[in-house]
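Participant: Following this line is upload01.json, made up of JSON, C-alpha atoms and all ligand atoms:
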```json
[["chain", "number", "residue", "atom", "x", "y", "z"],
["A", 1, "MET", "CA", 13.62, 11.20, 4.75],
["A", 2, "ARG", "CA", 15.56, 7.95, 4.36],
["A", 3, "SER", "CA", 13.63, 4.70, 4.04],
["A", 4, "ASP", "CA", 14.64, 3.51, 7.51],
["A", 5, "GLU", "CA", 13.45, 6.86, 8.92],
["A", 6, "ILE", "CA", 10.12, 6.54, 7.07],
["A", 7, "ARG", "CA", 9.64, 3.03, 8.46],
["A", 8, "GLU", "CA", 10.30, 4.10, 12.05],
["A", 9, "SER", "CA", 8.32, 7.36, 11.78],
["A", 10, "PHE", "CA", 5.28, 5.53, 10.49],
["A", 11, "LEU", "CA", 5.30, 3.06, 13.36],
["A", 12, "ARG", "CA", 5.88, 5.80, 15.93],
["A", 13, "PHE", "CA", 3.09, 7.96, 14.45],
["A", 14, "PHE", "CA", 0.57, 5.18, 14.94],
["A", 15, "GLU", "CA", 1.93, 4.10, 18.32],
["A", 16, "GLU", "CA", 1.28, 7.67, 19.48],
["A", 17, "ARG", "CA", -2.30, 7.13, 18.32],
["A", 18, "GLY", "CA", -2.88, 4.02, 20.42],
["A", 19, "HIS", "CA", -1.64, 1.29, 18.06],
["A", 20, "ARG", "CA", 0.38, -1.73, 19.08],
["A", 21, "ARG", "CA", 3.45, -2.46, 16.96],
["A", 22, "VAL", "CA", 3.53, -6.02, 15.56],
["A", 23, "PRO", "CA", 6.38, -7.74, 13.66],
["A", 24, "SER", "CA", 6.20, -8.71, 10.00],
["A", 25, "ALA", "CA", 4.66, -12.13, 9.39],
["A", 26, "PRO", "CA", 6.70, -14.73, 7.44],
["A", 27, "LEU", "CA", 6.68, -14.38, 3.63],
["A", 28, "VAL", "CA", 4.90, -17.72, 3.49],
["A", 29, "PRO", "CA", 1.65, -17.29, 5.44],
["A", 30, "PRO", "CA", 1.44, -19.99, 8.12],
["A", 31, "GLY", "CA", -1.83, -21.87, 8.02],
["A", 32, "ASP", "CA", -3.42, -19.86, 5.17],
["A", 33, "VAL", "CA", -4.04, -22.15, 2.23],
["A", 34, "THR", "CA", -5.73, -19.43, 0.16],
["A", 35, "LEU", "CA", -2.42, -17.63, -0.48],
["A", 36, "LEU", "CA", 0.96, -18.81, -1.72],
["A", 37, "PHE", "CA", 2.82, -15.83, -0.26],
["A", 38, "THR", "CA", 2.11, -12.99, 2.13],
["A", 39, "SER", "CA", 0.97, -10.35, -0.34],
["A", 40, "ALA", "CA", -0.25, -7.58, 1.99],
["A", 41, "GLY", "CA", 0.01, -6.33, 5.55],
["A", 42, "MET", "CA", -3.44, -7.62, 6.47],
["A", 43, "VAL", "CA", -2.76, -11.28, 5.72],
["A", 44, "GLN", "CA", -1.73, -12.14, 9.29],
["A", 45, "PHE", "CA", -4.81, -10.26, 10.61],
["A", 46, "LYS", "CA", -7.43, -12.05, 8.49],
["A", 47, "PRO", "CA", -8.67, -14.20, 11.43],
["A", 48, "TYR", "CA", -9.24, -10.97, 13.42],
["A", 49, "PHE", "CA", -11.23, -9.32, 10.63],
["A", 50, "MET", "CA", -13.31, -12.46, 10.16],
["A", 51, "GLY", "CA", -14.07, -12.67, 13.89],
["A", 52, "GLN", "CA", -12.36, -16.06, 14.25],
["A", 53, "THR", "CA", -9.70, -14.88, 16.72],
["A", 54, "LYS", "CA", -9.63, -11.99, 19.15],
["A", 55, "PRO", "CA", -6.82, -9.55, 18.29],
["A", 56, "PRO", "CA", -4.19, -8.76, 20.97],
["A", 57, "HIS", "CA", -5.23, -5.11, 20.58],
["A", 58, "PRO", "CA", -7.93, -3.40, 18.45],
["A", 59, "ARG", "CA", -5.35, -1.01, 16.91],
["A", 60, "LEU", "CA", -2.28, -2.53, 15.24],
["A", 61, "THR", "CA", 0.58, -1.23, 13.13],
["A", 62, "GLY", "CA", 3.46, -2.91, 11.36],
["A", 63, "VAL", "CA", 5.76, -3.13, 8.36],
["A", 64, "GLN", "CA", 5.08, -6.28, 6.35],
["A", 65, "LYS", "CA", 7.47, -7.89, 3.89],
["A", 66, "CYS", "CA", 5.32, -8.75, 0.87],
["A", 67, "PHE", "CA", 5.70, -10.87, -2.20],
["A", 68, "ARG", "CA", 3.02, -10.20, -4.80],
["A", 69, "THR", "CA", 2.60, -11.85, -8.16],
["A", 70, "SER", "CA", -0.97, -10.75, -8.94],
["A", 71, "ASP", "CA", 0.26, -7.69, -10.85],
["A", 72, "ILE", "CA", 3.36, -9.35, -12.27],
["A", 73, "ASP", "CA", 2.55, -8.03, -15.75],
["A", 74, "SER", "CA", 3.19, -4.52, -14.39],
["A", 75, "VAL", "CA", 6.54, -5.34, -12.80],
["A", 76, "GLY", "CA", 9.30, -3.66, -14.75],
["A", 77, "ASP", "CA", 7.43, -0.37, -15.08],
["A", 78, "THR", "CA", 8.31, 2.55, -12.82],
["A", 79, "SER", "CA", 6.09, 1.63, -9.87],
["A", 80, "HIS", "CA", 5.52, -2.12, -9.42],
["A", 81, "LEU", "CA", 7.70, -4.61, -7.57],
["A", 82, "THR", "CA", 7.18, -8.25, -6.69],
["A", 83, "PHE", "CA", 8.92, -7.84, -3.33],
["A", 84, "PHE", "CA", 8.28, -4.76, -1.20],
["A", 85, "GLU", "CA", 7.59, -3.57, 2.31],
["A", 86, "MET", "CA", 4.10, -2.40, 3.23],
["A", 87, "LEU", "CA", 3.55, 0.04, 6.06],
["A", 88, "GLY", "CA", 0.14, -0.38, 7.61],
["A", 89, "ASN", "CA", -2.25, 0.66, 10.36],
["A", 90, "PHE", "CA", -5.18, -1.57, 11.26],
["A", 91, "SER", "CA", -8.38, -1.26, 13.23],
["A", 92, "VAL", "CA", -10.31, -4.35, 14.22],
["A", 93, "GLY", "CA", -13.81, -3.03, 14.87],
["A", 94, "ASP", "CA", -12.43, 0.12, 16.50],
["A", 95, "TYR", "CA", -11.94, 3.36, 14.51],
["A", 96, "PHE", "CA", -13.07, 3.76, 10.89],
["A", 97, "LYS", "CA", -12.93, 6.30, 8.04],
["A", 98, "ALA", "CA", -13.25, 9.45, 10.17],
["A", 99, "GLU", "CA", -9.94, 8.68, 11.89],
["A", 100, "ALA", "CA", -8.07, 6.76, 9.19],
["A", 101, "ILE", "CA", -8.30, 9.46, 6.49],
["A", 102, "PRO", "CA", -7.17, 12.48, 8.58],
["A", 103, "TRP", "CA", -4.32, 10.41, 10.08],
["A", 104, "ALA", "CA", -3.09, 9.41, 6.60],
["A", 105, "TRP", "CA", -3.17, 13.05, 5.55],
["A", 106, "GLU", "CA", -1.35, 14.19, 8.67],
["A", 107, "PHE", "CA", 1.42, 11.62, 8.37],
["A", 108, "VAL", "CA", 2.05, 12.32, 4.69],
["A", 109, "THR", "CA", 1.94, 16.14, 4.82],
["A", 110, "SER", "CA", 3.09, 17.20, 8.31],
["A", 111, "LYS", "CA", 6.66, 18.49, 8.43],
["A", 112, "LYS", "CA", 6.99, 16.56, 11.69],
["A", 113, "TRP", "CA", 6.43, 13.34, 9.74],
["A", 114, "LEU", "CA", 6.85, 12.56, 6.01],
["A", 115, "GLY", "CA", 6.25, 16.20, 5.03],
["A", 116, "LEU", "CA", 5.30, 15.82, 1.36],
["A", 117, "ASP", "CA", 3.97, 18.87, -0.51],
["A", 118, "PRO", "CA", 0.14, 18.87, -0.06],
["A", 119, "ASP", "CA", -0.23, 20.47, -3.50],
["A", 120, "ARG", "CA", 1.15, 17.31, -5.04],
["A", 121, "LEU", "CA", -1.47, 15.01, -3.50],
["A", 122, "TRP", "CA", -4.67, 13.68, -5.03],
["A", 123, "ALA", "CA", -7.17, 11.23, -3.54],
["A", 124, "SER", "CA", -9.55, 8.69, -4.96],
["A", 125, "VAL", "CA", -12.60, 6.98, -3.48],
["A", 126, "TYR", "CA", -15.00, 4.22, -4.50],
["A", 127, "LEU", "CA", -17.86, 5.39, -6.72],
["A", 128, "ASP", "CA", -20.57, 5.88, -4.08],
["A", 129, "ASP", "CA", -18.35, 6.55, -1.06],
["A", 130, "ASP", "CA", -19.52, 10.10, -0.23],
["A", 131, "GLU", "CA", -18.29, 9.78, 3.36],
["A", 132, "ALA", "CA", -14.67, 9.21, 2.27],
["A", 133, "ALA", "CA", -14.94, 11.94, -0.37],
["A", 134, "ASP", "CA", -16.23, 14.42, 2.24],
["A", 135, "LEU", "CA", -13.35, 13.55, 4.57],
["A", 136, "TRP", "CA", -10.73, 14.16, 1.84],
["A", 137, "ARG", "CA", -12.56, 17.37, 0.99],
["A", 138, "LYS", "CA", -11.33, 18.86, 4.30],
["A", 139, "PHE", "CA", -7.82, 18.76, 2.87],
["A", 140, "LEU", "CA", -8.13, 18.70, -0.91],
["A", 141, "PRO", "CA", -9.96, 20.70, -3.58],
["A", 142, "ALA", "CA", -12.84, 18.81, -5.22],
["A", 143, "GLU", "CA", -11.00, 18.51, -8.55],
["A", 144, "ARG", "CA", -8.22, 16.51, -6.91],
["A", 145, "ILE", "CA", -10.64, 13.91, -5.47],
["A", 146, "ARG", "CA", -11.55, 11.25, -8.03],
["A", 147, "ARG", "CA", -14.15, 8.49, -7.94],
["A", 148, "TYR", "CA", -13.26, 5.15, -9.51],
["A", 149, "GLY", "CA", -14.97, 1.77, -9.77],
["A", 150, "GLU", "CA", -14.07, -1.67, -8.56],
["A", 151, "GLU", "CA", -10.94, -2.00, -10.67],
["A", 152, "HIS", "CA", -9.19, 0.78, -8.74],
["A", 153, "ASN", "CA", -11.05, 1.45, -5.52],
["A", 154, "TYR", "CA", -12.21, -1.90, -4.20],
["A", 155, "TRP", "CA", -9.76, -4.22, -2.51],
["A", 156, "PHE", "CA", -9.86, -8.01, -2.36],
["A", 157, "SER", "CA", -7.46, -10.01, -0.19],
["A", 158, "GLY", "CA", -7.80, -12.95, -2.59],
["A", 159, "GLU", "CA", -10.56, -14.79, -4.39],
["A", 160, "VAL", "CA", -11.87, -15.73, -0.97],
["A", 161, "GLY", "CA", -11.40, -13.45, 2.04],
["A", 162, "PRO", "CA", -12.12, -10.04, 3.54],
["A", 163, "CYS", "CA", -12.71, -7.21, 1.06],
["A", 164, "GLY", "CA", -14.06, -3.69, 0.93],
["A", 165, "PRO", "CA", -14.11, -0.33, -0.83],
["A", 166, "CYS", "CA", -10.97, 1.76, -0.49],
["A", 167, "ALA", "CA", -9.65, 5.30, -0.65],
["A", 168, "GLU", "CA", -6.22, 6.08, -2.05],
["A", 169, "LEU", "CA", -3.65, 8.84, -1.86],
["A", 170, "HIS", "CA", -1.73, 9.55, -5.07],
["A", 171, "TYR", "CA", 1.46, 11.55, -5.46],
["A", 172, "ASP", "CA", 1.68, 13.88, -8.47],
["A", 173, "PHE", "CA", 5.17, 14.13, -10.01],
["A", 174, "GLY", "CA", 3.91, 16.87, -12.32],
["A", 175, "PRO", "CA", 2.21, 17.25, -15.70],
["A", 176, "GLU", "CA", 5.55, 16.84, -17.49],
["A", 177, "PHE", "CA", 5.41, 13.13, -16.60],
["A", 178, "GLY", "CA", 1.82, 12.68, -17.78],
["A", 179, "CYS", "CA", -0.01, 11.96, -21.01],
["A", 180, "GLY", "CA", -1.63, 15.36, -21.42],
["A", 181, "PRO", "CA", -4.12, 17.74, -19.84],
["A", 182, "ASP", "CA", -6.57, 14.93, -18.99],
["A", 183, "CYS", "CA", -4.04, 12.81, -17.10],
["A", 184, "GLU", "CA", -5.63, 11.06, -14.09],
["A", 185, "PRO", "CA", -4.33, 9.16, -11.03],
["A", 186, "ASP", "CA", -5.76, 5.91, -12.46],
["A", 187, "HIS", "CA", -3.51, 6.06, -15.55],
["A", 188, "GLU", "CA", -1.14, 3.21, -14.87],
["A", 189, "GLU", "CA", 0.51, 3.51, -18.25],
["A", 190, "CYS", "CA", 2.01, 6.95, -17.60],
["A", 191, "ASP", "CA", 4.36, 8.14, -14.88],
["A", 192, "ARG", "CA", 2.67, 11.25, -13.55],
["A", 193, "PHE", "CA", 0.90, 9.70, -10.56],
["A", 194, "LEU", "CA", 2.02, 7.15, -8.00],
["A", 195, "GLU", "CA", -0.40, 5.59, -5.51],
["A", 196, "ILE", "CA", 1.36, 5.87, -2.16],
["A", 197, "TRP", "CA", -1.31, 4.76, 0.32],
["A", 198, "ASN", "CA", -4.39, 2.58, 0.10],
["A", 199, "LEU", "CA", -6.95, 2.78, 2.93],
["A", 200, "VAL", "CA", -9.25, -0.22, 2.79],
["A", 201, "PHE", "CA", -12.58, -0.05, 4.59],
["A", 202, "MET", "CA", -12.68, -3.77, 5.25],
["A", 203, "SER", "CA", -16.34, -4.53, 5.76],
["A", 204, "TYR", "CA", -17.25, -7.68, 3.76],
["A", 205, "PHE", "CA", -16.26, -11.28, 3.26],
["A", 206, "CYS", "CA", -15.92, -12.10, -0.41],
["A", 207, "GLU", "CA", -16.30, -15.53, -2.01],
["A", 208, "PRO", "CA", -16.97, -16.68, -5.56],
["A", 209, "SER", "CA", -20.68, -17.07, -6.27],
["A", 210, "THR", "CA", -21.99, -20.55, -6.90],
["A", 211, "GLY", "CA", -23.87, -19.30, -9.97],
["A", 212, "SER", "CA", -22.47, -17.24, -12.80],
["A", 213, "GLY", "CA", -23.04, -13.83, -11.25],
["A", 214, "GLN", "CA", -20.94, -11.46, -9.17],
["A", 215, "ALA", "CA", -18.89, -12.65, -6.21],
["A", 216, "LYS", "CA", -20.90, -13.10, -3.02],
["A", 217, "ARG", "CA", -20.25, -10.53, -0.30],
["A", 218, "THR", "CA", -21.43, -10.88, 3.27],
["A", 219, "PRO", "CA", -20.81, -8.27, 5.99],
["A", 220, "LEU", "CA", -17.93, -9.02, 8.36],
["A", 221, "PRO", "CA", -18.68, -9.10, 12.14],
["A", 222, "SER", "CA", -17.20, -5.59, 12.43],
["A", 223, "LYS", "CA", -16.14, -2.66, 10.26],
["A", 224, "ASN", "CA", -12.37, -2.60, 10.02],
["A", 225, "ILE", "CA", -9.54, -0.49, 8.69],
["A", 226, "ASP", "CA", -6.67, -2.06, 6.74],
["A", 227, "THR", "CA", -4.18, 0.29, 5.16],
["A", 228, "GLY", "CA", -1.14, -0.30, 3.00],
["A", 229, "ALA", "CA", 1.49, 2.32, 2.22],
["A", 230, "GLY", "CA", 4.38, 1.13, 0.07],
["A", 231, "LEU", "CA", 7.66, 1.99, 1.79],
["A", 232, "GLU", "CA", 9.58, 2.15, -1.49],
["A", 233, "ARG", "CA", 6.95, 4.41, -3.08],
["A", 234, "MET", "CA", 6.94, 6.83, -0.16],
["A", 235, "ALA", "CA", 10.72, 6.91, -0.30],
["A", 236, "VAL", "CA", 10.64, 7.77, -4.02],
["A", 237, "ALA", "CA", 8.21, 10.68, -3.44],
["A", 238, "SER", "CA", 10.28, 11.95, -0.51],
["A", 239, "LEU", "CA", 13.50, 11.72, -2.51],
["A", 240, "PHE", "CA", 11.90, 13.48, -5.49],
["A", 241, "GLU", "CA", 10.96, 16.46, -3.30],
["A", 242, "ARG", "CA", 14.40, 16.63, -1.74],
["A", 243, "ARG", "CA", 16.00, 16.74, -5.18],
["A", 244, "LEU", "CA", 13.59, 19.49, -6.26],
["A", 245, "GLU", "CA", 14.55, 21.56, -3.21],
["A", 246, "GLU", "CA", 18.22, 21.09, -3.98],
["A", 247, "GLN", "CA", 17.57, 22.30, -7.52],
["A", 248, "VAL", "CA", 15.82, 25.42, -6.25],
["A", 249, "GLN", "CA", 18.79, 26.13, -4.00],
["A", 250, "ALA", "CA", 21.13, 25.82, -7.00],
["A", 251, "PRO", "CA", 19.62, 28.31, -9.45],
["A", 252, "PHE", "CA", 22.32, 28.01, -12.10],
["A", 253, "ARG", "CA", 21.53, 24.41, -12.85],
["A", 254, "VAL", "CA", 18.88, 23.48, -15.35],
["A", 255, "ARG", "CA", 15.99, 22.69, -13.06],
["A", 256, "HIS", "CA", 13.91, 19.89, -14.41],
["A", 257, "ARG", "CA", 16.16, 17.68, -16.47],
["A", 258, "PRO", "CA", 18.56, 16.59, -13.73],
["A", 259, "VAL", "CA", 15.68, 15.99, -11.32],
["A", 260, "ARG", "CA", 13.88, 13.83, -13.79],
["A", 261, "ALA", "CA", 16.98, 11.82, -14.69],
["A", 262, "ASP", "CA", 17.81, 11.32, -11.03],
["A", 263, "TYR", "CA", 14.27, 10.32, -10.19],
["A", 264, "GLN", "CA", 14.13, 7.80, -13.02],
["A", 265, "ALA", "CA", 17.45, 6.33, -11.98],
["A", 266, "HIS", "CA", 16.16, 5.80, -8.46],
["A", 267, "ARG", "CA", 12.96, 4.24, -9.69],
["A", 268, "GLY", "CA", 15.06, 1.96, -11.85],
["A", 269, "ALA", "CA", 17.06, 1.00, -8.80],
["A", 270, "LEU", "CA", 13.86, -0.10, -7.10],
["A", 271, "ARG", "CA", 13.48, -2.81, -9.72],
["A", 272, "GLN", "CA", 16.62, -4.36, -8.35],
["A", 273, "GLU", "CA", 14.61, -5.04, -5.22],
["A", 274, "VAL", "CA", 13.07, -7.91, -7.15],
["A", 275, "ARG", "CA", 16.37, -9.75, -6.85],
["A", 276, "GLN", "CA", 16.39, -9.06, -3.14],
["A", 277, "GLY", "CA", 12.91, -10.61, -3.04],
["A", 278, "SER", "CA", 14.28, -13.88, -4.37],
["A", 279, "PHE", "CA", 16.96, -13.95, -1.68],
["A", 280, "ASP", "CA", 14.42, -13.20, 1.02],
["A", 281, "LYS", "CA", 12.21, -16.05, -0.14],
["A", 282, "LEU", "CA", 15.14, -18.43, -0.07],
["A", 283, "ARG", "CA", 16.03, -17.20, 3.39],
["A", 284, "ALA", "CA", 12.43, -17.79, 4.48],
["A", 285, "GLY", "CA", 12.94, -21.40, 3.57],
["A", 286, "CYS", "CA", 11.20, -21.48, 0.14],
["A", 287, "ARG", "CA", 12.57, -23.96, -2.36],
["A", 288, "PRO", "CA", 11.34, -24.27, -5.96],
["A", 289, "ARG", "CA", 9.15, -27.31, -6.54],
["A", 290, "ASP", "CA", 6.93, -28.30, -9.41],
["A", 291, "ALA", "CA", 3.89, -29.55, -7.54],
["A", 292, "HIS", "CA", 1.16, -28.35, -5.18],
["A", 293, "ARG", "CA", 2.13, -25.11, -3.43],
["A", 294, "GLY", "CA", 5.78, -25.71, -4.27],
["A", 295, "GLY", "CA", 8.17, -23.83, -2.02],
["A", 296, "ALA", "CA", 5.42, -22.83, 0.35],
["A", 297, "ARG", "CA", 5.21, -26.36, 1.70],
["A", 298, "THR", "CA", 8.89, -26.60, 2.38],
["A", 299, "SER", "CA", 9.16, -23.26, 4.07],
["A", 300, "ARG", "CA", 6.25, -23.76, 6.40],
["A", 301, "ASP", "CA", 8.50, -26.03, 8.41],
["A", 302, "VAL", "CA", 10.97, -23.22, 9.07],
["A", 303, "PRO", "CA", 9.04, -19.94, 9.05],
["A", 304, "HIS", "CA", 10.90, -18.29, 11.91],
["A", 305, "ARG", "CA", 14.43, -19.59, 11.44],
["A", 306, "ARG", "CA", 17.04, -16.92, 12.17],
["B", 1, "ZN", "ZN", -1.93, 9.91, -18.02]]
```
Output the file's structure in the form of structure tokens.

Facilitator:
Amino acid sequence: MRSDEIRESFLRFFEERGHRRVPSAPLVPPGDVTLLFTSAGMVQFKPYFMGQTKPPHPRLTGVQKCFRTSDIDSVGDTSHLTFFEMLGNFSVGDYFKAEAIPWAWEFVTSKKWLGLDPDRLWASVYLDDDEAADLWRKFLPAERIRRYGEEHNYWFSGEVGPCGPCAELHYDFGPEFGCGPDCEPDHEECDRFLEIWNLVFMSYFCEPSTGSGQAKRTPLPSKNIDTGAGLERMAVASLFERRLEEQVQAPFRVRHRPVRADYQAHRGALRQEVRQGSFDKLRAGCRPRDAHRGGARTSRDVPHRR
């Protein structure tokens, strides 16, 4: 599936399940002083999750242009970008885990939709999230459902803002890309696994504690769903499977080496997206400055210019 087909399929899949399609917010979040750039699909929906504004519809879906610098040290590897597009479905106090997890599985594996090989999928959940683990268990064997702590399976929208435990879907490129028999989806230093979808169970408001202890978390007015599926990552997994199929249909070619080379070349090409990110920021009105929020101030004046 081409990236433009993935984008449209995702939106249509969730529209068929009662979601309203919303456009991407500007790269510079209007009126949000806690963030320099829009770094996730949920940024424009924060007032809904916090109960400050009523959403136009309890179920929303969209494709958000994102600029993220929080994991800049990882950019340049085979999976991280500063600029990317995030597919997402959102529930503001409407459905929760029991719908979000089966829908994610259906979109990713159904031949009518993305159609990835179910045998190449793993899931992870937050340590004590038995409910999410049980829901994945309907589709996956127990050994392909992992439990990780806060570093991997808890999502924060910033130092201050909505947060919650999350469940993730990981694509397995095969043991030949891993570090050995104990390779796990949380190994960011090797290339076997790629997180393709993060389902956040947005239930708390997080703020730094006044003392020295852990951040303070208070329950949000409602339990919400906030998901993020990287368009570029889904495209890489889809392309990888297509290349594998082509190899199977051409039995005289050496099977794995060309696939791997091709796959790495495409992942390398994704890094070029970073350049595109710079152009998009300029187009959004950002200009480099050395004080305060820099470009963000300038661009707020022209967030919707066409
Ligand atoms: Zn590994």

Participant: With all atoms listed in the file counted, collect every polymer residue having an atom within 6 Å of ligand ZN 1 (chain B); state the result as a PyMOL selection string.

Facilitator: chain A and resi 178-179+183-184+187+190

Participant: Please, which residues in range 154-227 of chain A fall within 9 Å of range 76-82 of chain A when counting only C-alpha atoms, and what is the closest atom pair and distance in Å to one decimal for each, ordered by chain then residue number, as a tab-separated table?

Facilitator:
```
residue	atom	partner	partner_atom	distance
A:Glu188	CA	A:Ser79	CA	8.9
A:Glu189	CA	A:Asp77	CA	8.5
A:Asp191	CA	A:Thr78	CA	7.1
A:Leu194	CA	A:Ser79	CA	7.1
A:Glu195	CA	A:Ser79	CA	8.8
```

Participant: Report as a PyMOL selection string all protein, DNA and RNA residues lying within 7 Å of Met42 in chain A, evaluated on all atoms listed in the file, omitting residues in the same chain fewer than 3 positions from it.

Facilitator: chain A and resi 45-46+226

Participant: Name the closest residue to Val200 in chain A among the candidates A:Phe96, A:Phe173, A:Trp103, A:Trp136; distances are taken between atoms, counting all atoms listed in the file.

Facilitator: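 Going through A:Phe96, A:Phe173, A:Trp103, A:Trp136 one by one, the smallest distance to Val200 in chain A is for A:Phe96.
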
Participant: Which value, in Å to one decimal, gives the distance between CA of Phe201 in chain A and CA of Trp105 in chain A?

Facilitator: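 About the pair CA of Phe201 in chain A and CA of Trp105 in chain A: they are 16.2 Å apart.
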